[in-house]
Amino acid sequence: MSPLLATIIFTCVFAASHTAPQEPLQAWTEDVVSYSGFQLWSATPRNQEEREFLLKIRQDYELEVWKEARSHNSPVDLLVSPDFQTELKLRLADAEIPYEVTISDMQTAINNENPNVTDSGDEYENRKMAGRFKRYLAAFISFFPGHKMDWNSYHRIDDIYGYLNYLADSFPRLVQLVSIGSSFEGRPLYVVRISSSSSGTKPAIWIDGGIHAREWISPAVATYIIKQLVEEPSNERLLQNVDWYIMPVMNPDGYEYTHTSNRLWRKTRSSTGARCRGADPNRNFGYQWGGKGTSRDKCSEIYHGANAFSEPETRAVSNFISGKANQIKVYLTLHSYGQYVLIPWGYDVQYPIDYNDMKDLANKAASKFRRYKYTVGNSADLLYPAAGGSDDWAKSIGIKYSYTVELADTGNHGFVLPASFIRPVCEDFFPALEVFVDKVATLKV
């Protein structure tokens, strides 16, 4: 090692040890949640009686539902604790309800999900040491230009934000990085504005990801879209008549928590005044808030929050979008999983007056998918009612083309989609954006 390089490294380490911000206390004081022995079961009710039986089982054993649909013969995915597996097998056998175990050990699936990252499941001391080393390494890397993003693995929030800053610095005429507020734990909430014009008068498309923390494929796809729009000259046509606002991680606290403590965490990390933290941000938007498919129970996965926009993340997003509602013509919110393009209204089985227009555009977009097949339809009709969703809210303030996209897969991996799927999912999704661009280019601001 050269003396100069050694000096730089020493200086970085010294500076990091004195000035680098400490990790949130909770990241080191909470145990890492283990899902050893947990299984993902996919049960298929064939009639209403069997659906009601599954509902009772869910309630009796407080099972977490990963996916469900209204129609018969549509599988219901359930996360099953090892404590209940023997008894549930007997009950399902007695009821003659077919099921299969799609993930035989959830912790093994988690450990294998992101093989290029080795510290996501380490115990307390190893994580503490790894975190300190990462701060030193980050300080060292900060002396040099570049970023650590790729689409071969899932990345922590610092990598994602580092990439966004890199793009803003490297492409200042094209990219503007806008901080629209702060999360509950103080992380910036970043929106990337991509435009070939400085005026901001062109019609725009909004895309967000990472509302639900555990849906890692969502921020991966959102950042891939940013890369394609900014760094690939062949996509310049997509910028000629349309501006873009992309928020890759709406729930950064929850997302980071899934990397450090609980891979399957869903909600925000706000304090509720109870032992359970966080609200479901996709039940917290201010249209039909508190309705069907939500809960007042602060420990529920679908807890809607103390009031509409109680979470700083949803409040910041609503303030930003409301100020640009006349400009934004398409709202796309990326989730997983199931492979659906969902159309409002989601709060109940109700259809907007322009539903057919919305469905026609969604079908055209879905026709671009080659590797994965997506089902298009009304949210509450295809799946279940869920009030307070971001897509319903966006539609309610006048954004005509508002959709939720449930990305791959359909249940073999669920939320724990291996990193090897990132590029196939991203590459399959991106061409569909041309359909939205062509529509938006015809609309006036």
# chains A, B, ... in the order shown; residues from 1 in each chain; ligands from 1
$ select_by_dssp --residues "region 267-412 of chain A" --states "strand (DSSP E)" --output "MDAnalysis selection string"
chainID A and resid 328:336 340:343 375:378 401:407
$ residues_around --residues "region 307-313 of chain A" --least-positions-apart "2" --cutoff "12 Å" --atoms "only C-alpha atoms" --output "PyMOL selection string"
chain A and resi 179-191+210-212+247+249-254+267-272+277-291+295-296+303-305+315-320+387-390+393
$ residues_around --residues "region 103-119 of chain A" --least-positions-apart "4" --cutoff "8 Å" --atoms "only C-alpha atoms" --output "list of chain:residue names"
A:Ser34, A:Tyr35, A:Ser36, A:Gly37, A:Phe38, A:Gln39, A:Leu40, A:Trp41, A:Asn126, A:Arg127, A:Ala130, A:Ser153, A:Tyr154, A:Arg263, A:Asn412, A:His413, A:Val416, A:Leu417, A:Pro418, A:Ala419
$ residues_around --residues "Glu96 (chain A)" --least-positions-apart "6" --cutoff "12 Å" --atoms "only C-alpha atoms" --output "ChimeraX atom specification"
/A:43-47,49-50,53-54,88-90
$ write_last_selection --atoms "N, CA, C and O atoms" --output "mmCIF file, in the first residue's frame"
data_model
loop_
_atom_site.group_PDB
_atom_site.id
_atom_site.type_symbol
_atom_site.label_atom_id
_atom_site.label_comp_id
_atom_site.auth_asym_id
_atom_site.auth_seq_id
_atom_site.Cartn_x
_atom_site.Cartn_y
_atom_site.Cartn_z
ATOM 1 N N ALA A 43 -53.054 -21.989 0.724
ATOM 2 C CA ALA A 43 -54.280 -22.785 0.794
ATOM 3 C C ALA A 43 -55.272 -22.272 -0.240
ATOM 4 O O ALA A 43 -55.384 -21.056 -0.453
ATOM 5 N N THR A 44 -56.019 -23.187 -0.853
ATOM 6 C CA THR A 44 -56.916 -22.802 -1.946
ATOM 7 C C THR A 44 -58.354 -23.179 -1.607
ATOM 8 O O THR A 44 -58.765 -24.346 -1.754
ATOM 9 N N PRO A 45 -59.138 -22.203 -1.135
ATOM 10 C CA PRO A 45 -60.552 -22.476 -0.865
ATOM 11 C C PRO A 45 -61.337 -22.596 -2.175
ATOM 12 O O PRO A 45 -61.131 -21.820 -3.102
ATOM 13 N N ARG A 46 -62.260 -23.559 -2.235
ATOM 14 C CA ARG A 46 -63.002 -23.795 -3.481
ATOM 15 C C ARG A 46 -64.424 -23.264 -3.434
ATOM 16 O O ARG A 46 -65.126 -23.265 -4.455
ATOM 17 N N ASN A 47 -64.853 -22.780 -2.286
ATOM 18 C CA ASN A 47 -66.197 -22.232 -2.169
ATOM 19 C C ASN A 47 -66.241 -21.290 -0.967
ATOM 20 O O ASN A 47 -65.252 -21.152 -0.227
ATOM 21 N N GLU A 49 -67.840 -21.516 1.844
ATOM 22 C CA GLU A 49 -67.704 -22.192 3.134
ATOM 23 C C GLU A 49 -66.233 -22.400 3.495
ATOM 24 O O GLU A 49 -65.828 -22.183 4.649
ATOM 25 N N GLU A 50 -65.426 -22.799 2.523
ATOM 26 C CA GLU A 50 -64.007 -23.006 2.790
ATOM 27 C C GLU A 50 -63.291 -21.682 3.016
ATOM 28 O O GLU A 50 -62.353 -21.615 3.829
ATOM 29 N N PHE A 53 -63.957 -20.838 6.547
ATOM 30 C CA PHE A 53 -63.163 -21.696 7.422
ATOM 31 C C PHE A 53 -61.731 -21.165 7.540
ATOM 32 O O PHE A 53 -61.171 -21.117 8.641
ATOM 33 N N LEU A 54 -61.154 -20.760 6.418
ATOM 34 C CA LEU A 54 -59.803 -20.197 6.451
ATOM 35 C C LEU A 54 -59.773 -18.895 7.243
ATOM 36 O O LEU A 54 -58.804 -18.613 7.967
ATOM 37 N N LEU A 88 -52.564 -27.247 12.544
ATOM 38 C CA LEU A 88 -53.202 -26.706 11.344
ATOM 39 C C LEU A 88 -53.257 -27.738 10.218
ATOM 40 O O LEU A 88 -54.229 -27.770 9.448
ATOM 41 N N LYS A 89 -52.246 -28.560 10.119
ATOM 42 C CA LYS A 89 -52.278 -29.622 9.109
ATOM 43 C C LYS A 89 -53.481 -30.530 9.337
ATOM 44 O O LYS A 89 -54.177 -30.923 8.386
ATOM 45 N N LEU A 90 -53.754 -30.857 10.596
ATOM 46 C CA LEU A 90 -54.886 -31.718 10.905
ATOM 47 C C LEU A 90 -56.206 -31.025 10.591
ATOM 48 O O LEU A 90 -57.119 -31.642 10.018
#
$ residues_around --residues "region 218-232 of chain A" --least-positions-apart "6" --cutoff "8 Å" --atoms "only C-alpha atoms" --output "ChimeraX atom specification"
/A:151,154,160,167,171,174-175,194,207-210,238-239,246-249,334-336,407,422,425-426,430
$ residues_around --residues "Asn241 (chain A)" --least-positions-apart "6" --cutoff "9 Å" --atoms "only C-alpha atoms" --output "VMD selection string"
chain A and resid 196 202 to 204 437 to 438 440 to 442
$ residues_around --residues "Lys439 (chain A)" --least-positions-apart "4" --cutoff "12 Å" --atoms "only C-alpha atoms" --output "compact mmCIF listing (two decimals) with C-alpha atoms, in the first residue's frame"
# COMPACT_ATOMS: atom_id res chain seq x y z
CA PRO A 203 -47.15 16.82 -17.94
CA ALA A 204 -45.60 14.40 -15.47
CA ILE A 205 -45.58 10.81 -14.26
CA LEU A 238 -39.18 9.19 -22.76
CA ASN A 241 -42.62 15.51 -23.63
CA VAL A 242 -42.89 14.22 -20.07
CA LYS A 329 -51.17 12.84 -14.98
CA VAL A 330 -50.17 9.30 -14.01
CA ASP A 357 -60.46 4.54 -19.78
CA MET A 358 -58.18 3.56 -16.93
CA ASP A 360 -57.82 0.31 -21.38
CA LEU A 361 -54.55 2.09 -20.59
CA ALA A 362 -53.60 -0.50 -17.96
CA LYS A 364 -52.04 -1.72 -23.01
CA ALA A 365 -49.27 -1.38 -20.45
CA LYS A 400 -56.96 10.42 -13.64
CA TYR A 401 -54.59 7.51 -14.28
CA ALA A 432 -44.61 -0.71 -20.13
CA LEU A 433 -43.71 2.86 -19.23
CA GLU A 434 -43.74 3.78 -22.92
CA VAL A 435 -47.51 3.28 -22.89
CA LEU A 443 -52.49 15.65 -22.11
CA LYS A 444 -52.26 19.33 -21.25
$ closest_residue --among "A:Tyr374, A:Phe415, A:Tyr166, A:Tyr384" --to "Asp348 (chain A)" --atoms "only C-alpha atoms"
A:Tyr384
$ atom_distance --atom1 "CA of Val192 (chain A)" --atom2 "CA of Leu164 (chain A)"
7.4 Å
